[in-house]
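Undergrad: Contents of run_8.cif (mmCIF, C-alpha atoms):
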data_entry
#
loop_
_atom_site.label_atom_id
_atom_site.label_comp_id
_atom_site.auth_asym_id
_atom_site.auth_seq_id
_atom_site.Cartn_x
_atom_site.Cartn_y
_atom_site.Cartn_z
CA MET K 1 -100.70 -136.96 163.63
CA ASN K 2 -98.83 -133.73 164.29
CA ARG K 3 -95.07 -134.05 164.58
CA LEU K 4 -94.85 -131.21 167.08
CA PRO K 5 -96.59 -131.24 170.45
CA GLU K 6 -99.52 -128.92 171.02
CA ILE K 7 -98.58 -125.45 172.19
CA ASP K 8 -98.47 -125.15 175.98
CA PRO K 9 -99.39 -121.51 176.66
CA ASN K 10 -97.64 -121.69 180.04
CA LYS K 11 -94.28 -122.36 178.38
CA LEU K 12 -94.35 -119.48 175.89
CA ASN K 13 -91.96 -116.54 176.12
CA PRO K 14 -93.54 -113.05 176.20
CA GLU K 15 -93.32 -112.55 172.41
CA GLN K 16 -94.86 -115.94 171.71
CA ARG K 17 -97.54 -115.38 174.34
CA ALA K 18 -98.59 -112.05 172.78
CA ILE K 19 -99.06 -113.73 169.38
CA TYR K 20 -100.79 -116.73 170.94
CA ASP K 21 -103.24 -114.48 172.84
CA ARG K 22 -103.95 -112.46 169.70
CA LEU K 23 -104.68 -115.58 167.63
CA MET K 24 -106.89 -117.03 170.35
CA ARG K 25 -108.84 -113.73 170.53
CA GLU K 26 -109.19 -113.37 166.76
CA ARG K 27 -109.54 -117.02 165.65
CA GLY K 28 -110.36 -118.94 168.79
CA HIS K 29 -107.70 -121.57 168.16
CA MET K 30 -103.99 -122.18 167.67
CA ARG K 31 -103.78 -124.60 164.75
CA GLY K 32 -102.37 -124.90 161.28
CA PRO K 33 -99.10 -123.36 160.18
CA PHE K 34 -99.23 -120.72 162.91
CA ALA K 35 -98.98 -123.44 165.58
CA VAL K 36 -95.74 -124.47 163.86
CA TRP K 37 -94.41 -120.96 163.23
CA LEU K 38 -95.11 -119.85 166.82
CA ARG K 39 -91.95 -121.73 167.79
CA ASN K 40 -90.21 -118.67 166.26
CA ALA K 41 -92.18 -115.60 167.36
CA GLU K 42 -90.70 -113.25 164.77
CA LEU K 43 -91.41 -115.68 161.92
CA CYS K 44 -94.94 -116.26 163.18
CA ASP K 45 -95.64 -112.55 163.54
CA ASN K 46 -94.40 -111.77 160.04
CA THR K 47 -96.17 -114.68 158.35
CA LEU K 48 -99.36 -113.69 160.14
CA LYS K 49 -99.02 -110.16 158.78
CA LEU K 50 -98.44 -111.52 155.28
CA GLN K 51 -101.43 -113.88 155.51
CA GLU K 52 -103.63 -111.01 156.70
CA LEU K 53 -102.37 -108.84 153.83
CA PHE K 54 -103.33 -111.48 151.26
CA ALA K 55 -106.69 -112.09 152.94
CA SER K 56 -107.86 -108.50 153.06
CA ARG K 57 -105.59 -105.77 151.75
CA VAL K 58 -104.63 -106.64 148.20
CA LYS K 59 -106.21 -105.90 144.83
CA LEU K 60 -106.41 -109.59 143.95
CA GLU K 61 -110.03 -110.63 144.35
CA ARG K 62 -110.60 -112.98 147.30
CA ARG K 63 -112.39 -115.48 145.02
CA LEU K 64 -109.20 -115.82 142.98
CA LEU K 65 -106.99 -116.02 146.07
CA GLU K 66 -109.09 -118.89 147.42
CA LEU K 67 -108.96 -120.67 144.07
CA MET K 68 -105.17 -120.34 144.05
CA ILE K 69 -104.95 -121.71 147.59
CA LEU K 70 -107.02 -124.77 146.66
CA VAL K 71 -104.85 -125.47 143.62
CA ALA K 72 -101.67 -125.09 145.72
CA ALA K 73 -103.13 -127.25 148.51
CA ARG K 74 -104.13 -129.97 146.04
CA LEU K 75 -100.74 -129.94 144.31
CA SER K 76 -99.09 -130.51 147.70
CA THR K 77 -101.88 -132.63 149.20
CA ALA K 78 -101.87 -130.19 152.10
CA GLN K 79 -104.83 -131.61 154.02
CA TYR K 80 -105.15 -128.80 156.56
CA ALA K 81 -105.00 -126.03 153.94
CA TRP K 82 -107.71 -127.76 151.90
CA PHE K 83 -109.86 -128.28 155.01
CA ILE K 84 -109.66 -124.58 155.92
CA HIS K 85 -109.96 -123.07 152.44
CA GLU K 86 -112.52 -125.23 150.64
CA PRO K 87 -115.46 -123.55 152.47
CA HIS K 88 -113.93 -120.11 151.81
CA ALA K 89 -113.55 -120.84 148.09
CA LEU K 90 -117.19 -121.88 147.85
CA ARG K 91 -118.35 -118.86 149.88
CA PHE K 92 -116.37 -116.44 147.69
CA GLY K 93 -117.84 -117.82 144.47
CA ILE K 94 -115.75 -120.73 143.21
CA SER K 95 -118.24 -123.28 141.92
CA ALA K 96 -118.61 -126.67 143.58
CA GLU K 97 -117.82 -128.27 140.21
CA ILE K 98 -114.48 -126.48 140.01
CA VAL K 99 -113.64 -127.39 143.61
CA GLN K 100 -114.49 -131.05 142.97
CA ALA K 101 -112.42 -131.17 139.78
CA ILE K 102 -109.40 -129.75 141.62
CA ARG K 103 -109.93 -132.25 144.45
CA GLU K 104 -109.95 -135.06 141.86
CA ARG K 105 -106.88 -133.65 140.07
CA ARG K 106 -108.90 -132.94 136.94
CA THR K 107 -108.64 -129.71 134.99
CA PRO K 108 -111.86 -127.84 135.70
CA ASP K 109 -114.16 -126.53 132.97
CA PHE K 110 -113.77 -122.83 133.62
CA THR K 111 -116.33 -120.30 132.41
CA ARG K 112 -114.35 -117.33 133.73
CA ASP K 113 -111.05 -116.34 132.12
CA ASP K 114 -109.59 -114.97 135.37
CA GLU K 115 -110.16 -118.29 137.14
CA ARG K 116 -108.57 -120.21 134.26
CA LEU K 117 -105.55 -117.91 134.36
CA VAL K 118 -105.08 -118.21 138.15
CA TYR K 119 -105.35 -122.00 137.85
CA ASP K 120 -102.83 -122.12 135.00
CA MET K 121 -100.37 -119.78 136.70
CA THR K 122 -100.55 -121.63 140.01
CA LEU K 123 -99.87 -124.94 138.27
CA GLU K 124 -97.03 -123.51 136.22
CA LEU K 125 -95.29 -121.77 139.11
CA ASN K 126 -95.59 -124.84 141.33
CA THR K 127 -94.25 -127.21 138.69
CA ALA K 128 -91.81 -125.16 136.59
CA ARG K 129 -90.94 -122.62 139.32
CA THR K 130 -91.24 -119.85 136.73
CA LEU K 131 -93.72 -118.46 134.22
CA SER K 132 -93.40 -118.82 130.49
CA GLU K 133 -93.43 -115.62 128.47
CA ALA K 134 -96.96 -116.44 127.28
CA SER K 135 -98.27 -116.92 130.83
CA TYR K 136 -96.50 -113.79 132.01
CA ARG K 137 -98.10 -111.74 129.22
CA ARG K 138 -101.54 -113.22 129.90
CA GLY K 139 -101.19 -112.35 133.57
CA MET K 140 -99.98 -108.82 132.95
CA ALA K 141 -102.75 -108.19 130.41
CA MET K 142 -105.46 -109.44 132.75
CA PHE K 143 -104.22 -108.23 136.14
CA GLY K 144 -101.66 -105.49 135.62
CA GLU K 145 -98.40 -105.05 137.45
CA GLU K 146 -99.52 -104.67 141.07
CA THR K 147 -102.02 -107.54 141.08
CA MET K 148 -99.59 -109.79 139.19
CA VAL K 149 -96.99 -109.20 141.90
CA GLU K 150 -99.60 -109.99 144.54
CA LEU K 151 -100.68 -113.19 142.80
CA VAL K 152 -97.17 -114.54 142.23
CA SER K 153 -96.20 -113.66 145.82
CA ALA K 154 -99.35 -115.31 147.20
CA ILE K 155 -98.60 -118.47 145.22
CA GLY K 156 -95.13 -118.55 146.79
CA PHE K 157 -96.48 -117.87 150.28
CA TYR K 158 -99.10 -120.62 150.09
CA SER K 159 -96.47 -123.04 148.79
CA MET K 160 -94.55 -122.25 151.98
CA VAL K 161 -97.72 -122.83 153.99
CA ALA K 162 -98.23 -126.24 152.33
CA MET K 163 -94.60 -127.22 152.94
CA THR K 164 -94.89 -126.25 156.61
CA LEU K 165 -98.14 -128.17 157.05
CA ASN K 166 -96.78 -131.27 155.34
CA ALA K 167 -93.30 -131.25 156.90
CA PHE K 168 -94.76 -131.04 160.40
CA ALA K 169 -97.70 -133.36 159.59
CA VAL K 170 -100.29 -130.84 160.77
CA SER K 171 -103.51 -132.77 160.97
CA VAL K 172 -107.06 -131.73 160.27
CA PRO K 173 -109.33 -131.62 163.32
CA ASP K 174 -111.01 -135.03 163.80
CA GLY K 175 -108.06 -136.60 161.92
CA LYS K 176 -110.04 -136.61 158.67
CA LYS K 177 -108.23 -136.35 155.34
CA PRO K 178 -110.24 -134.35 152.81
CA LEU K 179 -107.78 -135.21 150.04
CA GLU K 180 -106.71 -138.65 148.85
#
Take the structure in this file and express it as structure tokens.

TA:
Amino acid sequence: MNRLPEIDPNKLNPEQRAIYDRLMRERGHMRGPFAVWLRNAELCDNTLKLQELFASRVKLERRLLELMILVAARLSTAQYAWFIHEPHALRFGISAEIVQAIRERRTPDFTRDDERLVYDMTLELNTARTLSEASYRRGMAMFGEETMVELVSAIGFYSMVAMTLNAFAVSVPDGKKPLE
């Protein structure tokens, strides 16, 4: 059950209405963290820009971004994030076995070093709030400076997404809970 009421388009100020109309045109719905963030038009606009940046204009491969989102969603039990991103992860090449292991809170058997590293870094940053020297060096060696900055920033952003979803009890359509 959502803690905030559904957005009433007739009660939006002009800035909110412009963002609402854009999201309805592009996505066909006003759900998830953007339905929360729309209460502050500037915040919503900027988080939307950041989400779009991570989704399409970074060097970090989308497969790895989706893996990171699933790990972050599972760590936070962010139902809505998992619901949205599980199909994307599968479509972008994360194996069903890896997805299932993450869902069950088991360490997956990775065959790809980049997936193992993204998994490890996402866990470490979400639990320790920093990277050990060894993890930092592994990340820099594999991804380089620019992609490392993107990855660490994306991990932070999707932690914010999970916190928003959980704090405001954003529910999955149909009320289902894909995570236990």

Undergrad: Excluding K:Tyr80 and its own-chain neighbours fewer than 6 positions away, which residues fall within 9 Å of it when counting only C-alpha atoms? Please give them as a list in words.

TA: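 After dropping sequence-adjacent residues, the list is Gly32, Pro33, Ala73, Ala162, Leu165, Asn166, Val170, Ser171, Val172, Pro173, Lys177 and Pro178 of chain K.
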
Undergrad: Any idea what's packed within 9 Å of stretch 136-142 of chain K, counting all atoms listed in the file, ignoring anything in its chain fewer than 4 positions away? Could you give it as a PyMOL selection string?

TA: chain K and resi 113-114+117-118+121+131-132+147-148

Undergrad: Take atom CA of K:Arg3 and atom CA of K:Thr164 and report the distance between them in Å, one decimal.

TA: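 Atom CA of K:Thr164 lies at a distance of 11.2 Å from atom CA of K:Arg3.
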
Undergrad: Given all atoms listed in the file as the basis, pick out the residue of K:Thr111, K:Thr122, K:Ser135, K:Gln16 nearest to K:Leu65.

TA: K:Thr122

Undergrad: Measuring between only C-alpha atoms, which one of K:Pro108, K:Glu133, K:Arg116, K:Thr77 shows the shortest distance to K:Met163?

TA: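 Among the listed residues, the smallest separation from K:Met163 belongs to K:Thr77.
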
Undergrad: Have a look at atom CA of K:Gly144 and atom CA of K:Leu48 and let me know their distance in Å, one decimal.

TA: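 Separation of atom CA of K:Gly144 and atom CA of K:Leu48: 26.0 Å.
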
Undergrad: Would you mind reading off the distance between atom CA of K:Leu151 and atom CA of K:Leu60, one decimal, in Å?

TA: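 Between atom CA of K:Leu151 and atom CA of K:Leu60 the gap is 6.9 Å.
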
Undergrad: Which of these, K:Arg91, K:Trp37, K:Phe110, K:Arg17, has the shortest distance to K:Arg62 once you count only C-alpha atoms?

TA: K:Arg91

Undergrad: How would you write, as a ChimeraX atom specification, the residues chosen by the PyMOL selection byres ((chain K and resi 75) around 10) on this structure?

TA: /K:69-74,76-78,102-103,105,122-123,126-127,159,162

Undergrad: Specify as an MDAnalysis selection string each residue included when the PyMOL selection byres ((chain K and resi 9) around 12) is applied to this file.

TA: chainID K and resid 5:8 10:21 24 29:30 35 38:39

Undergrad: List the spatial neighbours of stretch 153-157 of chain K as a PyMOL selection string - criterion: any atom at most 7 Å away, all atoms listed in the file, same-chain residues fewer than 3 positions off excluded.

TA: chain K and resi 54+68+122+149-150+160-161

Undergrad: Once the PyMOL selection byres ((chain K and resi 89) around 9) is applied to the coordinates I shared, what remains selected? I want it as a ChimeraX atom specification.

TA: /K:62-67,69-70,85-88,90-96,99

Undergrad: Looking at K:Glu104, K:Glu26, K:Glu61, K:Glu52, which one is nearest to K:Glu180, with distances taken over all atoms listed in the file?

TA: K:Glu104

Undergrad: I'd like to know which of K:Arg112, K:Val152, K:Val58, K:Leu43 is closest to K:Ile98, using only C-alpha atoms.

TA: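 Checking each of K:Arg112, K:Val152, K:Val58, K:Leu43 against K:Ile98, counting only C-alpha atoms, the winner is K:Arg112.
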
Undergrad: Could you check the closest approach to K:Ala167 for each of K:Ile84, K:Val36, K:Glu115, K:Arg25 and tell me which residue wins, using only C-alpha atoms?

TA: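 Among K:Ile84, K:Val36, K:Glu115, K:Arg25, it is K:Val36 that comes nearest to K:Ala167.
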
Undergrad: Is it possible to add N, CA, C and O atoms to stretch 156-178 of chain K and hand it back as a CSV table (one decimal), in the frame of the given file?

TA:
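New file selection_16.csv:
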chain,number,residue,atom,x,y,z
K,156,GLY,N,-96.3,-118.2,146.0
K,156,GLY,CA,-95.1,-118.6,146.8
K,156,GLY,C,-95.4,-118.7,148.3
K,156,GLY,O,-95.0,-119.7,148.9
K,157,PHE,N,-96.2,-117.8,148.9
K,157,PHE,CA,-96.5,-117.9,150.3
K,157,PHE,C,-97.3,-119.1,150.6
K,157,PHE,O,-97.0,-119.8,151.6
K,158,TYR,N,-98.3,-119.4,149.8
K,158,TYR,CA,-99.1,-120.6,150.1
K,158,TYR,C,-98.4,-121.9,149.8
K,158,TYR,O,-98.7,-123.0,150.3
K,159,SER,N,-97.3,-121.9,148.9
K,159,SER,CA,-96.5,-123.0,148.8
K,159,SER,C,-95.7,-123.3,150.1
K,159,SER,O,-95.5,-124.4,150.5
K,160,MET,N,-95.2,-122.2,150.7
K,160,MET,CA,-94.6,-122.2,152.0
K,160,MET,C,-95.5,-122.8,153.1
K,160,MET,O,-95.1,-123.6,153.9
K,161,VAL,N,-96.7,-122.3,153.0
K,161,VAL,CA,-97.7,-122.8,154.0
K,161,VAL,C,-97.9,-124.3,153.8
K,161,VAL,O,-97.8,-125.1,154.8
K,162,ALA,N,-98.0,-124.8,152.6
K,162,ALA,CA,-98.2,-126.2,152.3
K,162,ALA,C,-97.0,-127.0,152.8
K,162,ALA,O,-97.2,-128.1,153.4
K,163,MET,N,-95.8,-126.5,152.5
K,163,MET,CA,-94.6,-127.2,152.9
K,163,MET,C,-94.5,-127.3,154.5
K,163,MET,O,-94.2,-128.4,155.0
K,164,THR,N,-94.9,-126.3,155.1
K,164,THR,CA,-94.9,-126.2,156.6
K,164,THR,C,-95.9,-127.3,157.1
K,164,THR,O,-95.6,-128.1,158.0
K,165,LEU,N,-97.1,-127.2,156.6
K,165,LEU,CA,-98.1,-128.2,157.0
K,165,LEU,C,-97.7,-129.6,156.8
K,165,LEU,O,-97.9,-130.5,157.7
K,166,ASN,N,-97.2,-129.9,155.7
K,166,ASN,CA,-96.8,-131.3,155.3
K,166,ASN,C,-95.5,-131.7,156.1
K,166,ASN,O,-95.5,-132.9,156.6
K,167,ALA,N,-94.5,-130.9,156.2
K,167,ALA,CA,-93.3,-131.2,156.9
K,167,ALA,C,-93.5,-131.6,158.4
K,167,ALA,O,-92.9,-132.5,158.9
K,168,PHE,N,-94.5,-130.8,159.0
K,168,PHE,CA,-94.8,-131.0,160.4
K,168,PHE,C,-96.0,-131.9,160.6
K,168,PHE,O,-96.5,-132.0,161.7
K,169,ALA,N,-96.5,-132.5,159.5
K,169,ALA,CA,-97.7,-133.4,159.6
K,169,ALA,C,-98.9,-132.8,160.4
K,169,ALA,O,-99.4,-133.4,161.3
K,170,VAL,N,-99.2,-131.5,160.1
K,170,VAL,CA,-100.3,-130.8,160.8
K,170,VAL,C,-101.6,-131.5,160.3
K,170,VAL,O,-101.9,-131.5,159.1
K,171,SER,N,-102.3,-132.0,161.3
K,171,SER,CA,-103.5,-132.8,161.0
K,171,SER,C,-104.8,-131.9,161.0
K,171,SER,O,-104.8,-130.8,161.6
K,172,VAL,N,-105.7,-132.4,160.3
K,172,VAL,CA,-107.1,-131.7,160.3
K,172,VAL,C,-107.8,-132.1,161.6
K,172,VAL,O,-107.6,-133.3,162.0
K,173,PRO,N,-108.5,-131.2,162.2
K,173,PRO,CA,-109.3,-131.6,163.3
K,173,PRO,C,-110.1,-132.9,163.0
K,173,PRO,O,-110.6,-133.1,161.9
K,174,ASP,N,-110.3,-133.7,163.9
K,174,ASP,CA,-111.0,-135.0,163.8
K,174,ASP,C,-110.1,-136.0,163.1
K,174,ASP,O,-110.6,-137.2,162.8
K,175,GLY,N,-108.9,-135.7,162.6
K,175,GLY,CA,-108.1,-136.6,161.9
K,175,GLY,C,-108.5,-137.0,160.5
K,175,GLY,O,-107.9,-137.9,159.9
K,176,LYS,N,-109.5,-136.3,160.0
K,176,LYS,CA,-110.0,-136.6,158.7
K,176,LYS,C,-109.0,-136.1,157.6
K,176,LYS,O,-108.3,-135.2,157.9
K,177,LYS,N,-109.1,-136.8,156.5
K,177,LYS,CA,-108.2,-136.4,155.3
K,177,LYS,C,-109.2,-136.0,154.2
K,177,LYS,O,-109.7,-136.9,153.5
K,178,PRO,N,-109.3,-134.7,153.9
K,178,PRO,CA,-110.2,-134.4,152.8
K,178,PRO,C,-109.7,-134.6,151.4
K,178,PRO,O,-110.4,-134.7,150.5
